[in-house]
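Asks: Take this structure, written in structure tokens, and hold onto it; I'll ask about it next.
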Amino acid sequence: PRGHRSERSELGAKMRVREHPDDSGFGLDGFFKIPKDSSYFKRVPKSSAIKVIDFGSTTYDRQDQSYIVSTRHYRAPEVILGLGWSYPCDVWSVGCILVELCSGEALFQTHENLEHLAMMERVLGPLPHHMLKKADRHAEKYVRRGKLDWPEGAASRESIKAVLKLPRLQNLIMQHVDHSAGDLIHLLQGLLKYDPSDRLTAREGLGILSSQGTI
């Protein structure tokens, strides 16, 4: 079933959170910076073990690719825009999950498509014109004059505020990772490429980790 293929699962399984010797924090390649906010410790996992659970939204490659896949917070742009999907949408999900392991919070905390796309642009930069241009009939309402219809199309002021409070990807990672933040940012930028044809494959991601000595 889709959602937890062997190669992608291998990438997720080998991404390990390293525990600090004094148990005061965690890191992916080095150690996290420890924020003063004590609630941080309630969000960061105590164990670095990876468990694959909840196959409720899995599907098969042969299924109609207009079908919505992936958990909302980890959903790739091509899925939201109705461009069809394949293995790269799960690589995007892995990227979102890795950011969540760093920060203790979901990268894109939303339940609305336009806001979700606007959050992506806030964190990662503008969506490619060729992807917006090909949006299907259900998603074309999110596009105006070749660009995302934002903030004009926002549902509320609260939605606009939620997008504006998000930092760029580089800044977000540097808030939480002391050592080798550049290596992690480089990996995430590959996993979170908008165009699925440009996105890292799971095997390529593992290659980067191996070259960095992370695994």
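How things are named: the first chain in the structure tokens is A, the next is B, and so on; residues count from 1 in each chain; ligands count from 1 in the order shown.
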Taking a cut-off of 8 Å and counting only C-alpha atoms, can you build a table that, for each residue of segment 150-203 of chain A near segment 93-105 of chain A, reports the nearest atom pair and how far apart they are in Å (one decimal), sorted by chain then residue number, as CSV?

Replies:
```
residue,atom,partner,partner_atom,distance
A:Leu172,CA,A:Ser103,CA,7.8
A:Ile173,CA,A:Cys102,CA,7.1
A:His176,CA,A:Cys102,CA,6.2
A:Val177,CA,A:Cys102,CA,7.4
A:Leu188,CA,A:Gly95,CA,5.7
A:Leu191,CA,A:Gly95,CA,5.3
A:Leu192,CA,A:Gly95,CA,6.0
```

Asks: Would you mind listing what lies within 9 Å of Ile185 of chain A as a PyMOL selection string, with only C-alpha atoms counted and same-chain residues fewer than 4 positions away left out?

Replies: chain A and resi 169-170+173-174+180-181+189-190

Asks: Give me, as a PyMOL selection string, the residues of segment 32-202 of chain A that a backbone DSSP run labels alpha helix (DSSP H).

Replies: chain A and resi 40-43+77-80+88-103+113-124+129-133+157-164+169-174+181-191+202

Asks: When distances are computed from only C-alpha atoms, which of A:Arg72, A:Leu184, A:Leu148, A:Ile53 shows the smallest separation from Gln109 of chain A?

Replies: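 Result for the nearest residue to Gln109 of chain A: A:Arg72.
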
Asks: Extract, using only C-alpha atoms, all DNA, RNA and protein residues at most 9 Å from segment 126-128 of chain A, discarding same-chain residues fewer than 6 positions from it, and format them as an MDAnalysis selection string.

Replies: chainID A and resid 77 117:118 120 147:148 194:195

Asks: Go ahead and dump the residues you just picked, all heavy atoms, as a PDB file, in the first residue's frame.

Replies:
```
ATOM      1  N   PRO A  77       2.584  19.552  -2.182  1.00  0.00           N
ATOM      2  CA  PRO A  77       1.876  20.544  -3.010  1.00  0.00           C
ATOM      3  C   PRO A  77       1.195  19.946  -4.231  1.00  0.00           C
ATOM      4  O   PRO A  77       0.110  20.387  -4.618  1.00  0.00           O
ATOM      5  CB  PRO A  77       2.973  21.533  -3.405  1.00  0.00           C
ATOM      6  CG  PRO A  77       4.262  20.812  -3.193  1.00  0.00           C
ATOM      7  CD  PRO A  77       4.014  19.884  -2.050  1.00  0.00           C
ATOM      8  N   LEU A 117      -0.995  26.157   1.225  1.00  0.00           N
ATOM      9  CA  LEU A 117      -0.094  26.568   0.143  1.00  0.00           C
ATOM     10  C   LEU A 117       0.616  27.873   0.482  1.00  0.00           C
ATOM     11  O   LEU A 117       1.804  28.045   0.185  1.00  0.00           O
ATOM     12  CB  LEU A 117      -0.883  26.713  -1.158  1.00  0.00           C
ATOM     13  CG  LEU A 117      -1.463  25.417  -1.732  1.00  0.00           C
ATOM     14  CD1 LEU A 117      -2.449  25.726  -2.863  1.00  0.00           C
ATOM     15  CD2 LEU A 117      -0.360  24.491  -2.236  1.00  0.00           C
ATOM     16  N   ALA A 118      -0.103  28.788   1.134  1.00  0.00           N
ATOM     17  CA  ALA A 118       0.508  30.059   1.543  1.00  0.00           C
ATOM     18  C   ALA A 118       1.594  29.834   2.587  1.00  0.00           C
ATOM     19  O   ALA A 118       2.635  30.501   2.578  1.00  0.00           O
ATOM     20  CB  ALA A 118      -0.566  31.003   2.083  1.00  0.00           C
ATOM     21  N   MET A 120       3.423  27.159   2.786  1.00  0.00           N
ATOM     22  CA  MET A 120       4.560  26.624   2.036  1.00  0.00           C
ATOM     23  C   MET A 120       5.377  27.758   1.434  1.00  0.00           C
ATOM     24  O   MET A 120       6.619  27.765   1.513  1.00  0.00           O
ATOM     25  CB  MET A 120       4.068  25.691   0.930  1.00  0.00           C
ATOM     26  CG  MET A 120       3.497  24.386   1.404  1.00  0.00           C
ATOM     27  SD  MET A 120       2.939  23.385   0.000  1.00  0.00           S
ATOM     28  CE  MET A 120       2.178  21.999   0.857  1.00  0.00           C
ATOM     29  N   LYS A 147      -0.417  33.346 -10.020  1.00  0.00           N
ATOM     30  CA  LYS A 147       0.182  33.306  -8.672  1.00  0.00           C
ATOM     31  C   LYS A 147      -0.853  32.828  -7.665  1.00  0.00           C
ATOM     32  O   LYS A 147      -2.055  32.828  -7.927  1.00  0.00           O
ATOM     33  CB  LYS A 147       0.691  34.697  -8.270  1.00  0.00           C
ATOM     34  CG  LYS A 147       1.813  35.228  -9.144  1.00  0.00           C
ATOM     35  CD  LYS A 147       2.282  36.591  -8.646  1.00  0.00           C
ATOM     36  CE  LYS A 147       3.426  37.125  -9.486  1.00  0.00           C
ATOM     37  NZ  LYS A 147       3.906  38.451  -9.002  1.00  0.00           N
ATOM     38  N   LEU A 148      -0.361  32.445  -6.513  1.00  0.00           N
ATOM     39  CA  LEU A 148      -1.257  32.040  -5.445  1.00  0.00           C
ATOM     40  C   LEU A 148      -2.129  33.231  -5.039  1.00  0.00           C
ATOM     41  O   LEU A 148      -1.638  34.347  -4.881  1.00  0.00           O
ATOM     42  CB  LEU A 148      -0.435  31.556  -4.246  1.00  0.00           C
ATOM     43  CG  LEU A 148      -1.169  30.710  -3.207  1.00  0.00           C
ATOM     44  CD1 LEU A 148      -1.625  29.388  -3.818  1.00  0.00           C
ATOM     45  CD2 LEU A 148      -0.264  30.452  -2.007  1.00  0.00           C
ATOM     46  N   TYR A 194       9.491  21.723  -4.353  1.00  0.00           N
ATOM     47  CA  TYR A 194       8.100  21.774  -4.807  1.00  0.00           C
ATOM     48  C   TYR A 194       7.820  20.774  -5.918  1.00  0.00           C
ATOM     49  O   TYR A 194       6.860  20.014  -5.866  1.00  0.00           O
ATOM     50  CB  TYR A 194       7.758  23.181  -5.302  1.00  0.00           C
ATOM     51  CG  TYR A 194       7.516  24.199  -4.217  1.00  0.00           C
ATOM     52  CD1 TYR A 194       8.143  25.441  -4.251  1.00  0.00           C
ATOM     53  CD2 TYR A 194       6.639  23.937  -3.167  1.00  0.00           C
ATOM     54  CE1 TYR A 194       7.907  26.398  -3.276  1.00  0.00           C
ATOM     55  CE2 TYR A 194       6.393  24.886  -2.180  1.00  0.00           C
ATOM     56  CZ  TYR A 194       7.024  26.118  -2.240  1.00  0.00           C
ATOM     57  OH  TYR A 194       6.794  27.056  -1.275  1.00  0.00           O
ATOM     58  N   ASP A 195       8.643  20.813  -6.948  1.00  0.00           N
ATOM     59  CA  ASP A 195       8.416  19.949  -8.105  1.00  0.00           C
ATOM     60  C   ASP A 195       8.835  18.528  -7.754  1.00  0.00           C
ATOM     61  O   ASP A 195      10.001  18.278  -7.445  1.00  0.00           O
ATOM     62  CB  ASP A 195       9.229  20.456  -9.302  1.00  0.00           C
ATOM     63  CG  ASP A 195       8.833  19.791 -10.607  1.00  0.00           C
ATOM     64  OD1 ASP A 195       8.486  18.594 -10.587  1.00  0.00           O
ATOM     65  OD2 ASP A 195       8.883  20.468 -11.661  1.00  0.00           O
TER      66      ASP A 195
END
```

Asks: Rank A:Lys161, A:Ile80, A:Val91, A:Ser47 by their smallest atom-to-atom distance to Gly205 of chain A, using only C-alpha atoms, and report the top residue only.

Replies: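 Nearest to Gly205 of chain A: A:Val91.
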
Asks: Of the residues A:His179, A:Glu204, A:Ser159, A:Ser70, which is the one nearest to Glu112 of chain A, using only C-alpha atoms?

Replies: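 Of A:His179, A:Glu204, A:Ser159, A:Ser70, the one nearest Glu112 of chain A, counting only C-alpha atoms, is A:Ser159.
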
Asks: From the set A:Asp198, A:Leu187, A:Tyr60, A:Thr71, which residue has the shortest atom-to-atom contact distance to Ser210 of chain A, counting only C-alpha atoms?

Replies: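 Between A:Asp198, A:Leu187, A:Tyr60, A:Thr71, the residue approaching Ser210 of chain A most closely is A:Leu187.
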
Asks: What is the atom CA of Val163 of chain A to atom CA of Tyr142 of chain A distance in Å?

Replies: 15.4 Å

Asks: Excluding Gln212 of chain A and residues on its chain fewer than 4 positions from it, collect all residues at most 10 Å away from it, counting only C-alpha atoms, and give them as a ChimeraX atom specification.

Replies: /A:29,180,183-184,206-208
